[in-house]
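Colleague: What follows is a structure written as structure tokens; I'll ask about it next.
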Amino acid sequence: MKVNGIPTRSIRSLDGGTAVEIVDQTSLPYHYETRVLNDWRDCVEAIANMRVRGAPLIGITGAWGVVLAAKEDPENAALLAAADAIANARPTAVNLSWAVHRMMGALLPREPSLRFEAAVKLAEAMTQEDVLTCRAIGEAGAPLIADLYQKLRRPVNILTHCNAGWLATVDYGTALAPIYAAFERGTPLHVWVDETRPRNQGLLTAWELAQHGVPHTIIADNAGGQLMQQGDVDLVIVGADRITRRGDVANKIGTYLKALAAHDNDVPFYVAAPSSTIDWKLTDGKRQIPIENRASSELLSVRGIDSTGRIAAVQIAPVEEAVANPAFDVTHNRFVTGLITERGVVAPTDLTSVFSDKLLPEGGAS
Ligand SMILES: CSC[C@@H](O)[C@@H](O)C(=O)COP(=O)(O)O
């Protein structure tokens, strides 16, 4: 997608895969900055501190982390230790371990001296695959918005939570991909953007939409229910960090409350995600999906820019306050109208038949 009119991706390799460049999302929406990662430890730091974030993008960053580990030391002991550290940089989005395992599955059978070259090839392929997958999600989801427009004959109001746009993937996004695709085809629409405390990923969504001229309005996280009661939301589309085989969805904290409000108000609630976000080993999301707990400082302060344009954090509560900061929640499949995937819109309970080729006979991940 575009930054100041220039086509841009959230991550790209440099110098034959010996380094990678990312958009540093900790500076957005205030300043657009890129950062070069030279070492697999830089990838772990970037993922853990959310310089890169969003399930598909942390997966691809993890894949490039394995490339940089193979560059440094391709022998088994070092490579396995690095892969383990990368895969565990954040716990909830399954795309991270999926990507690292896919890389390691391809590298370990090879001679150490051949691993770096093979790693670069596979990471490039996975990067490109992510772009095509997100584009397919956009194609699959755009007709949902166009059909609503045909029925309503006024701009379709879509509510989204967190940031599941191009910044959260390599390009296009997941939840925002159908919105971009519909907008490009001329479907009149407007996006309600949840602020998404405590990290305010909604501000990234607003920044992306503004860069592409998509009409949108930022709302407080708690406003969605009221807007739905007033008939001001026609459709909810969110992303996902991990989906179980029966279609339970882990996504950014607050998603579950939006799903409940949508259910109570007969608003369709869609989840857009690639199949790499499905954890075929898990069934019951509430019991089985690991939920990341993040630092109390994220709640006790807010970030913004000061009068000189510098990014600054302001403390909003005493540091000794007790804080709980779960970063994700789980929405049961009964609240999910459909999953917008690279293979079309799928009922949560139909995932295993639509993606049967991704299942191992014993139900493990392929
Ligand atoms: C295409 S991204 C989908 C999800 O990863 C997104 O909605 C989300 O919850 C991101 O969480 P974050 O903590 O910002 O990495």
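Residues in the structure tokens are numbered from 1 in each chain, the chains being A, B, ... in the order shown, and ligands are numbered from 1 in the order shown.
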Please identify the strand (DSSP E or B) residues within region 126-171 of chain A (assignment by DSSP from backbone atoms) and present them as number ranges by chain.
Modeller: A: 156-160
Colleague: Residues of the last selection are to be written out with C-alpha atoms, as a tab-separated table (two decimals), in the first residue's frame.
Modeller:
```tsv
chain	number	residue	atom	x	y	z
A	156	VAL	CA	-21.70	1.04	4.38
A	157	ASN	CA	-20.54	1.60	7.97
A	158	ILE	CA	-17.88	-0.93	8.99
A	159	LEU	CA	-16.42	-1.17	12.49
A	160	THR	CA	-12.91	-2.54	13.00
```
Colleague: At a cut-off of 7 Å, can you tabulate as JSON lines every residue of region 69-119 of chain A near region 21-45 of chain A together with its closest atom pair and the distance in Å to one decimal, using only C-alpha atoms and ordering rows by chain then number?
Modeller:
```
{"residue": "A:Ala69", "atom": "CA", "partner": "A:Trp40", "partner_atom": "CA", "distance": 5.4}
{"residue": "A:Ile86", "atom": "CA", "partner": "A:Val44", "partner_atom": "CA", "distance": 5.5}
{"residue": "A:Ala89", "atom": "CA", "partner": "A:Val44", "partner_atom": "CA", "distance": 5.7}
```
Colleague: May I have the residues within 7 Å of region 59-62 of chain A as a PyMOL selection string, using only C-alpha atoms and disregarding those fewer than 2 positions away in the same chain?
Modeller: chain A and resi 43+55-57+64-66+86-87+95-96+99-100+127
Colleague: Residues within 9 Å of ligand 1, counting only C-alpha atoms and all ligand atoms: report them as a ChimeraX atom specification.
Modeller: /A:47,50,52-58,90,92-93,134,160-169,173-176,199-201,238-242,250-253,255,272-274,277,292,327-328
Colleague: Quote the spacing between CA of Val336 (chain A) and CA of Ile291 (chain A) in Å to one decimal place.
Modeller: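 Straight-line distance from CA of Val336 (chain A) to CA of Ile291 (chain A) works out to 19.5 Å.
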Colleague: Write out as a tab-separated table (two decimals) with C-alpha atoms, in the first residue's frame all residues of region 135-364 of chain A that backbone DSSP assigns to alpha helix (DSSP H).
Modeller:
```tsv
chain	number	residue	atom	x	y	z
A	135	ARG	CA	-4.96	-9.84	-1.71
A	136	ALA	CA	-7.15	-12.96	-1.95
A	137	ILE	CA	-8.72	-12.12	1.43
A	138	GLY	CA	-9.57	-8.68	0.01
A	139	GLU	CA	-11.16	-10.26	-3.08
A	140	ALA	CA	-13.16	-12.65	-0.92
A	141	GLY	CA	-14.43	-9.97	1.46
A	142	ALA	CA	-15.15	-7.03	-0.86
A	143	PRO	CA	-18.46	-8.51	-2.14
A	144	LEU	CA	-19.81	-8.57	1.43
A	145	ILE	CA	-19.47	-4.80	1.51
A	146	ALA	CA	-20.73	-4.30	-2.08
A	147	ASP	CA	-23.81	-6.47	-1.37
A	148	LEU	CA	-24.63	-4.40	1.71
A	149	TYR	CA	-24.33	-1.24	-0.36
A	150	GLN	CA	-26.77	-2.64	-2.94
A	151	LYS	CA	-29.24	-3.25	-0.13
A	152	LEU	CA	-28.75	-0.02	1.84
A	176	LEU	CA	-8.71	-3.91	5.98
A	177	ALA	CA	-8.06	-5.83	2.73
A	178	PRO	CA	-11.80	-6.19	1.86
A	179	ILE	CA	-12.28	-2.53	2.78
A	180	TYR	CA	-9.46	-1.39	0.49
A	181	ALA	CA	-10.69	-3.68	-2.32
A	182	ALA	CA	-14.30	-2.45	-2.02
A	183	PHE	CA	-13.21	1.20	-1.80
A	184	GLU	CA	-11.00	0.85	-4.89
A	201	GLN	CA	-3.34	0.33	17.28
A	202	GLY	CA	-6.51	2.03	16.01
A	203	LEU	CA	-4.37	5.11	15.37
A	204	LEU	CA	-2.32	3.00	12.95
A	205	THR	CA	-5.55	1.98	11.21
A	206	ALA	CA	-6.65	5.62	10.96
A	207	TRP	CA	-3.21	6.58	9.58
A	208	GLU	CA	-3.37	3.84	6.93
A	209	LEU	CA	-6.92	4.75	5.91
A	210	ALA	CA	-6.04	8.45	5.72
A	211	GLN	CA	-3.07	7.63	3.45
A	224	GLY	CA	-19.11	0.53	19.52
A	225	GLY	CA	-22.10	-0.87	21.43
A	226	GLN	CA	-23.90	2.45	21.44
A	227	LEU	CA	-23.28	2.94	17.70
A	228	MET	CA	-24.63	-0.54	17.00
A	229	GLN	CA	-27.78	0.14	19.04
A	255	THR	CA	-12.76	-7.95	20.27
A	256	TYR	CA	-14.98	-10.26	22.34
A	257	LEU	CA	-17.05	-7.34	23.66
A	258	LYS	CA	-17.56	-6.11	20.09
A	259	ALA	CA	-18.71	-9.60	19.08
A	260	LEU	CA	-21.22	-9.66	21.96
A	261	ALA	CA	-22.58	-6.24	21.03
A	262	ALA	CA	-22.79	-7.25	17.35
A	263	HIS	CA	-24.67	-10.42	18.29
A	264	ASP	CA	-27.16	-8.48	20.44
A	285	GLY	CA	-10.09	-21.30	22.18
A	286	LYS	CA	-11.03	-20.08	25.67
A	287	ARG	CA	-9.27	-23.01	27.33
A	288	GLN	CA	-6.38	-23.59	24.98
A	297	SER	CA	3.50	0.57	31.89
A	298	GLU	CA	1.27	0.23	28.80
A	299	LEU	CA	-1.76	1.06	30.97
A	300	LEU	CA	-0.19	3.47	33.40
A	351	LEU	CA	-12.72	-24.69	8.43
A	352	THR	CA	-11.58	-28.30	8.57
A	353	SER	CA	-13.37	-29.23	5.35
A	354	VAL	CA	-12.28	-26.14	3.40
```
Colleague: I want to know what sits within 6 Å of Asp279 (chain A), based on only C-alpha atoms, with residues of the same chain fewer than 2 positions away left out; could you give that as a compact mmCIF listing (two decimals) with C-alpha atoms, in the first residue's frame?
Modeller:
```txt
# COMPACT_ATOMS: atom_id res chain seq x y z
CA ILE A 243 -8.10 -19.42 15.33
CA THR A 244 -8.93 -22.92 16.52
CA LYS A 281 -3.99 -28.56 17.12
CA LEU A 282 -6.51 -26.53 19.15
```
